[in-house]
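Q: The file below is target10.tsv, TSV, C-alpha atoms:
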chain	number	residue	atom	x	y	z
U	474	MET	CA	-12.20	66.60	-39.03
U	475	PRO	CA	-9.28	67.70	-36.78
U	476	PHE	CA	-9.89	70.26	-34.03
U	477	ASN	CA	-8.47	73.70	-34.83
U	478	TYR	CA	-7.97	75.53	-31.55
U	479	LYS	CA	-7.48	78.90	-33.33
U	480	THR	CA	-10.93	78.85	-34.89
U	481	GLU	CA	-12.85	76.72	-32.37
U	482	LEU	CA	-11.53	78.09	-29.06
U	483	HIS	CA	-13.93	81.05	-29.03
U	484	ARG	CA	-16.92	78.64	-29.08
U	485	TYR	CA	-15.91	77.16	-25.67
U	486	LYS	CA	-14.57	80.37	-24.13
U	487	ARG	CA	-17.84	81.21	-22.41
U	488	TYR	CA	-17.95	77.77	-20.75
U	489	TYR	CA	-14.47	78.28	-19.33
U	490	GLN	CA	-15.49	81.68	-18.05
U	491	SER	CA	-18.65	80.30	-16.39
U	492	LEU	CA	-16.64	77.53	-14.68
U	493	GLU	CA	-14.17	80.09	-13.41
U	494	GLY	CA	-17.00	82.03	-11.84
U	495	VAL	CA	-18.43	78.97	-10.17
U	496	ALA	CA	-15.04	77.87	-8.87
U	497	THR	CA	-14.51	81.25	-7.19
U	498	LYS	CA	-17.67	80.91	-5.09
U	499	PRO	CA	-17.02	79.89	-1.42
U	500	LYS	CA	-19.42	76.93	-1.45
U	501	ALA	CA	-18.02	75.58	-4.68
U	502	ARG	CA	-14.47	75.93	-3.38
U	503	ALA	CA	-15.44	74.11	-0.18
U	504	TYR	CA	-17.13	71.25	-2.09
U	505	THR	CA	-14.21	71.00	-4.48
U	506	THR	CA	-11.74	70.87	-1.60
U	507	ALA	CA	-13.84	68.24	0.16
U	508	ILE	CA	-14.17	66.12	-2.97
U	509	PHE	CA	-10.46	66.23	-3.76
U	510	SER	CA	-9.62	65.59	-0.11
U	511	PHE	CA	-11.92	62.58	-0.09
U	512	LEU	CA	-10.37	61.28	-3.31
U	513	ALA	CA	-6.87	61.77	-1.93
U	514	ILE	CA	-7.76	60.07	1.35
U	515	SER	CA	-9.42	57.21	-0.54
U	516	LEU	CA	-6.43	56.78	-2.84
U	517	PHE	CA	-3.82	56.79	-0.08
U	518	GLY	CA	-6.11	54.77	2.19
U	519	TRP	CA	-6.46	52.08	-0.47
U	520	TYR	CA	-2.72	51.73	-0.85
U	521	ALA	CA	-2.35	51.68	2.94
U	522	ILE	CA	-5.16	49.17	3.54
U	523	ARG	CA	-4.48	46.96	0.51
U	524	PRO	CA	-1.54	45.03	2.11
U	525	THR	CA	-3.65	44.44	5.22
U	526	ILE	CA	-6.55	43.12	3.13
U	527	GLN	CA	-4.19	40.88	1.17
U	528	THR	CA	-2.72	39.56	4.44
U	529	ILE	CA	-6.20	38.85	5.81
U	530	LEU	CA	-7.21	36.99	2.65
U	531	TYR	CA	-3.95	35.00	2.69
U	532	LEU	CA	-4.45	34.08	6.34
U	533	GLN	CA	-8.04	33.02	5.71
U	534	LYS	CA	-6.89	30.76	2.87
U	535	GLU	CA	-4.10	29.35	5.04
U	536	ILE	CA	-6.58	28.65	7.84
U	537	GLU	CA	-8.86	26.78	5.43
U	538	ASP	CA	-5.90	24.76	4.11
U	539	ASN	CA	-4.81	23.96	7.67
U	540	LYS	CA	-8.33	22.83	8.52
U	541	LEU	CA	-8.30	20.51	5.51
U	542	VAL	CA	-4.88	19.11	6.46
U	543	SER	CA	-6.03	18.70	10.06
U	544	ALA	CA	-9.12	16.76	8.92
U	545	GLN	CA	-6.98	14.51	6.73
U	546	MET	CA	-4.54	13.90	9.58
U	547	GLU	CA	-7.39	13.04	11.94
U	548	GLU	CA	-8.70	10.57	9.36
U	549	LYS	CA	-5.25	8.96	9.00
U	550	ILE	CA	-4.81	8.81	12.77
U	551	GLY	CA	-8.20	7.10	13.06
U	552	LYS	CA	-7.19	4.53	10.44
U	553	LEU	CA	-3.85	3.93	12.19
U	554	ILE	CA	-5.63	3.38	15.50
U	555	GLU	CA	-8.02	0.96	13.78
U	556	ALA	CA	-5.11	-0.85	12.09
U	557	HIS	CA	-3.24	-1.10	15.40
U	558	ALA	CA	-6.31	-2.56	17.09
U	559	THR	CA	-6.67	-5.08	14.26
U	560	TYR	CA	-2.98	-5.98	14.53
U	561	GLN	CA	-3.29	-6.54	18.27
U	562	SER	CA	-6.29	-8.82	17.73
U	563	VAL	CA	-4.31	-11.07	15.34
U	564	GLU	CA	-0.85	-10.64	16.86
U	565	ASN	CA	-0.91	-14.08	18.45
U	566	ASP	CA	-1.73	-15.68	15.07
U	567	ILE	CA	1.12	-14.10	13.10
U	568	GLY	CA	3.43	-16.99	14.02
U	569	TYR	CA	1.02	-19.42	12.34
U	570	LEU	CA	1.15	-17.33	9.16
U	571	THR	CA	4.95	-17.54	9.14
U	572	GLN	CA	4.73	-21.29	9.57
U	573	ALA	CA	2.17	-21.56	6.77
U	574	ILE	CA	4.21	-19.56	4.24
U	575	PRO	CA	7.80	-19.22	5.50
U	576	PRO	CA	10.17	-16.56	4.11
U	577	ALA	CA	12.54	-19.26	2.77
U	578	PRO	CA	12.09	-22.55	0.86
U	579	GLU	CA	12.90	-24.71	3.94
U	580	ALA	CA	12.73	-27.83	1.77
U	581	LEU	CA	14.59	-29.95	4.34
U	582	THR	CA	12.10	-28.98	7.05
U	583	ALA	CA	9.16	-29.91	4.83
U	584	LEU	CA	10.76	-33.26	3.96
U	585	GLY	CA	11.38	-33.92	7.65
U	586	GLN	CA	7.74	-33.23	8.50
U	587	ILE	CA	6.52	-35.63	5.79
U	588	ARG	CA	9.00	-38.28	6.93
U	589	ASN	CA	7.83	-37.99	10.54
U	590	ILE	CA	4.19	-38.40	9.42
U	591	ALA	CA	5.04	-41.60	7.56
U	592	ILE	CA	7.02	-43.00	10.51
U	593	ILE	CA	4.24	-42.20	13.01
U	594	ARG	CA	1.67	-43.81	10.71
U	595	GLY	CA	3.85	-46.94	10.37
U	596	ALA	CA	4.34	-46.78	6.61
U	597	SER	CA	7.53	-47.83	4.87
U	598	ILE	CA	9.33	-45.00	3.04
U	599	SER	CA	10.88	-45.95	-0.30
U	600	ALA	CA	12.06	-42.47	-1.33
U	601	ILE	CA	11.64	-38.85	-0.35
U	602	THR	CA	13.30	-36.16	-2.48
U	603	SER	CA	13.17	-32.48	-3.34
U	604	SER	CA	13.77	-30.72	-6.61
U	605	GLY	CA	16.50	-28.10	-6.88
U	606	ALA	CA	15.68	-25.22	-4.57
U	607	PRO	CA	17.72	-22.49	-2.89
U	608	LEU	CA	18.43	-23.07	0.77
U	609	LEU	CA	17.86	-19.36	1.49
U	610	SER	CA	15.54	-16.77	0.02
U	611	ASN	CA	16.75	-13.67	-1.82
U	612	GLU	CA	15.97	-11.60	1.26
U	613	GLN	CA	18.16	-13.81	3.42
U	614	THR	CA	21.03	-13.86	0.90
U	615	SER	CA	20.92	-10.04	0.60
U	616	PRO	CA	20.21	-8.80	4.15
U	617	ASN	CA	21.72	-5.36	3.46
U	618	LYS	CA	19.25	-4.62	0.72
U	619	SER	CA	17.03	-1.60	1.27
U	620	THR	CA	13.70	-2.21	2.98
U	621	VAL	CA	11.92	-0.32	0.19
U	622	THR	CA	13.18	-2.76	-2.43
U	623	ARG	CA	11.97	-5.63	-0.26
U	624	GLY	CA	8.48	-4.18	-0.02
U	625	ILE	CA	5.29	-6.20	-0.13
U	626	SER	CA	4.80	-5.42	-3.83
U	627	ASN	CA	8.12	-7.15	-4.61
U	628	ARG	CA	7.28	-10.35	-2.75
U	629	LYS	CA	5.93	-13.37	-4.58
U	630	ILE	CA	4.66	-16.79	-3.64
U	631	LYS	CA	6.99	-19.48	-4.94
U	632	SER	CA	7.14	-23.23	-4.40
U	633	VAL	CA	9.63	-26.08	-4.15
U	634	GLN	CA	8.67	-29.50	-5.46
U	635	LEU	CA	8.80	-32.54	-3.18
U	636	SER	CA	8.49	-36.22	-4.14
U	637	PHE	CA	7.41	-38.90	-1.73
U	638	ILE	CA	7.09	-42.70	-2.14
U	639	ALA	CA	5.69	-44.81	0.69
U	640	VAL	CA	4.38	-48.34	1.01
U	641	GLY	CA	1.56	-49.45	3.29
U	642	THR	CA	-2.06	-50.41	3.52
U	643	TYR	CA	-4.69	-48.16	2.05
U	644	GLU	CA	-5.74	-46.96	5.53
U	645	LEU	CA	-2.15	-46.03	6.42
U	646	LEU	CA	-1.58	-44.16	3.17
U	647	GLN	CA	-4.91	-42.37	3.47
U	648	GLY	CA	-3.92	-41.20	6.94
U	649	ILE	CA	-0.57	-39.95	5.59
U	650	ILE	CA	-2.32	-37.92	2.89
U	651	GLU	CA	-4.72	-36.39	5.42
U	652	ASP	CA	-1.86	-35.47	7.77
U	653	ILE	CA	0.13	-33.84	4.95
U	654	VAL	CA	-2.88	-31.77	3.91
U	655	SER	CA	-3.37	-30.75	7.57
U	656	LEU	CA	0.19	-29.47	7.99
U	657	ARG	CA	0.57	-25.85	9.09
U	658	ARG	CA	2.98	-25.43	6.19
U	659	ILE	CA	0.91	-24.89	3.05
U	660	VAL	CA	1.57	-27.90	0.83
U	661	THR	CA	-0.46	-28.64	-2.28
U	662	ILE	CA	-0.69	-32.03	-3.97
U	663	GLU	CA	0.34	-31.91	-7.61
U	664	SER	CA	-0.27	-35.62	-8.30
U	665	LEU	CA	-0.61	-38.93	-6.49
U	666	SER	CA	-1.00	-42.55	-7.53
U	667	PHE	CA	-1.57	-45.94	-5.90
U	668	THR	CA	-0.06	-49.11	-7.31
U	669	PRO	CA	0.09	-52.63	-5.80
U	670	ASN	CA	3.46	-53.51	-4.33
U	671	ARG	CA	4.02	-57.28	-4.64
U	672	GLU	CA	7.41	-57.47	-2.96
U	673	SER	CA	7.43	-60.45	-0.59
U	674	GLU	CA	9.02	-58.56	2.28
U	675	GLN	CA	6.36	-55.87	2.17
U	676	GLN	CA	3.59	-58.46	2.01
U	677	LEU	CA	4.96	-60.17	5.11
U	678	LEU	CA	5.25	-56.85	6.90
U	679	PHE	CA	1.68	-55.73	6.28
U	680	GLY	CA	0.05	-59.19	6.07
U	681	SER	CA	-1.42	-58.51	2.62
U	682	ILE	CA	-0.50	-56.99	-0.70
U	683	PRO	CA	0.38	-53.41	0.22
U	684	LEU	CA	0.02	-50.31	-1.95
U	685	LYS	CA	2.75	-48.02	-3.16
U	686	LEU	CA	1.91	-44.32	-2.88
U	687	VAL	CA	3.73	-41.92	-5.18
U	688	MET	CA	3.09	-38.24	-4.45
U	689	ARG	CA	4.34	-35.00	-5.95
U	690	LEU	CA	3.89	-32.01	-3.66
U	691	ASN	CA	4.52	-28.29	-3.84
U	692	ALA	CA	5.66	-26.56	-0.63
U	693	HIS	CA	5.04	-22.83	-0.89
U	694	TYR	CA	7.09	-19.95	0.51
U	695	ILE	CA	7.49	-16.19	0.14
U	696	ASP	CA	10.45	-14.78	-1.76
U	697	SER	CA	11.55	-11.27	-2.81
U	698	ASP	CA	12.69	-10.33	-6.29
Re-express the file's structure as structure tokens.
A:
Amino acid sequence: MPFNYKTELHRYKRYYQSLEGVATKPKARAYTTAIFSFLAISLFGWYAIRPTIQTILYLQKEIEDNKLVSAQMEEKIGKLIEAHATYQSVENDIGYLTQAIPPAPEALTALGQIRNIAIIRGASISAITSSGAPLLSNEQTSPNKSTVTRGISNRKIKSVQLSFIAVGTYELLQGIIEDIVSLRRIVTIESLSFTPNRESEQQLLFGSIPLKLVMRLNAHYIDSD
């Protein structure tokens, strides 16, 4: 039911009158002034202090973030120091790694090494060939390419096929195989076979029926896509 101030006002008139009497008393006026003053001070104080509180909270959060970043940086610095120490311990061996897996096919170099082994061992070379292979790697043919595109993730191990035919005694050929496997350049044997070589000249050279060694090798290298 809606409130009708014309008929209902007289019911609350005595309450208004009693409040007016209380408000006129000195103590009540003093308390009222104090309460409203406190409320006003609190209200204005809140708006004055609020930016300072927000700044303090922001600075506390920033300090915590900086502490976290500082801890992460210290961890990274520690890992870098450890990596540098590891690098220094193997620095003298890096050259051997380059020789083991060169950054280019270097097929001619590999053929030369195999040829020298056969000559030193005293075997007779019938043939030594290489399958089609680029003389330079992609990195060497495109030196201006960005370092990012030539990253470790883009590098792959590839191989160039070598063929080698030599004639000699079993001991000579065995020594050649062992020397090839012991090369610093990583070379894997794909296949090998021994067959008697009954050519008269070879028999006279070695004093008996020599063997013909036919080998297929894979010389590995690193290349970039």
Q: Please identify all polymer residues within 7 Å of Arg658 of chain U, counting all atoms listed in the file, omitting same-chain residues fewer than 3 positions from it, and present them as JSON, numbers by chain.
A: {"U": [572, 573, 574]}
Q: Could you check how far atom CA of Ser666 of chain U sits from atom CA of Thr582 of chain U, in Å to one decimal?
A: 23.8 Å
Q: What separation in Å, quoted to one decimal, exists between atom CA of Ile695 of chain U and atom CA of Gly568 of chain U?
A: 14.5 Å
Q: Could you state the separation of atom CA of Ile590 of chain U and atom CA of Asp652 of chain U in Å, given to one decimal place?
A: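 Atom-to-atom, atom CA of Ile590 of chain U to atom CA of Asp652 of chain U, that is 6.9 Å.
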Q: Determine, counting all atoms listed in the file, which protein, DNA and RNA residues have an atom within 12 Å of an atom of Ser636 of chain U; residues of the same chain fewer than 5 positions away are not included. Present the result as a list in words.
A: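 Here the qualifying residues turn out to be Ala580, Ala583, Leu584, Ile587, Arg588, Ile598, Ser599, Ala600, Ile601, Thr602, Ser603, Ser604, Gly605, Val660, Thr661, Ile662, Glu663, Ser664, Leu665, Ser666, Leu686, Val687, Met688, Arg689, Leu690, Asn691 and Ala692 of chain U.
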Q: Those same residues - C-alpha atoms - I'd like them written as an mmCIF file, in the frame of the given file.
A:
data_model
loop_
_atom_site.group_PDB
_atom_site.id
_atom_site.type_symbol
_atom_site.label_atom_id
_atom_site.label_comp_id
_atom_site.auth_asym_id
_atom_site.auth_seq_id
_atom_site.Cartn_x
_atom_site.Cartn_y
_atom_site.Cartn_z
ATOM 1 C CA ALA U 580 12.730 -27.830 1.770
ATOM 2 C CA ALA U 583 9.160 -29.910 4.830
ATOM 3 C CA LEU U 584 10.760 -33.260 3.960
ATOM 4 C CA ILE U 587 6.520 -35.630 5.790
ATOM 5 C CA ARG U 588 9.000 -38.280 6.930
ATOM 6 C CA ILE U 598 9.330 -45.000 3.040
ATOM 7 C CA SER U 599 10.880 -45.950 -0.300
ATOM 8 C CA ALA U 600 12.060 -42.470 -1.330
ATOM 9 C CA ILE U 601 11.640 -38.850 -0.350
ATOM 10 C CA THR U 602 13.300 -36.160 -2.480
ATOM 11 C CA SER U 603 13.170 -32.480 -3.340
ATOM 12 C CA SER U 604 13.770 -30.720 -6.610
ATOM 13 C CA GLY U 605 16.500 -28.100 -6.880
ATOM 14 C CA VAL U 660 1.570 -27.900 0.830
ATOM 15 C CA THR U 661 -0.460 -28.640 -2.280
ATOM 16 C CA ILE U 662 -0.690 -32.030 -3.970
ATOM 17 C CA GLU U 663 0.340 -31.910 -7.610
ATOM 18 C CA SER U 664 -0.270 -35.620 -8.300
ATOM 19 C CA LEU U 665 -0.610 -38.930 -6.490
ATOM 20 C CA SER U 666 -1.000 -42.550 -7.530
ATOM 21 C CA LEU U 686 1.910 -44.320 -2.880
ATOM 22 C CA VAL U 687 3.730 -41.920 -5.180
ATOM 23 C CA MET U 688 3.090 -38.240 -4.450
ATOM 24 C CA ARG U 689 4.340 -35.000 -5.950
ATOM 25 C CA LEU U 690 3.890 -32.010 -3.660
ATOM 26 C CA ASN U 691 4.520 -28.290 -3.840
ATOM 27 C CA ALA U 692 5.660 -26.560 -0.630
#
Q: Measuring between all atoms listed in the file, which one of U:Val640, U:Ile554, U:Arg657, U:Leu570 shows the shortest distance to Ser681 of chain U?
A: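 Of U:Val640, U:Ile554, U:Arg657, U:Leu570, the one nearest Ser681 of chain U, counting all atoms listed in the file, is U:Val640.
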Q: As AutoDock Vina command-line options, please: the centre and edge lengths in Å, to one decimal, of an axis-aligned box enclosing every listed atom of segment 625-638 of chain U with 8 Å added on each side.
A:
--center_x 7.1 --center_y -24.1 --center_z -2.8 --size_x 21.0 --size_y 53.3 --size_z 21.3
Q: Around the point (2.7, -43.7, 6.8) (coordinates from the file), which residues reach within 12 Å if we count only C-alpha atoms? Answer as a ChimeraX atom specification.
A: /U:586-599,637-653,683-686
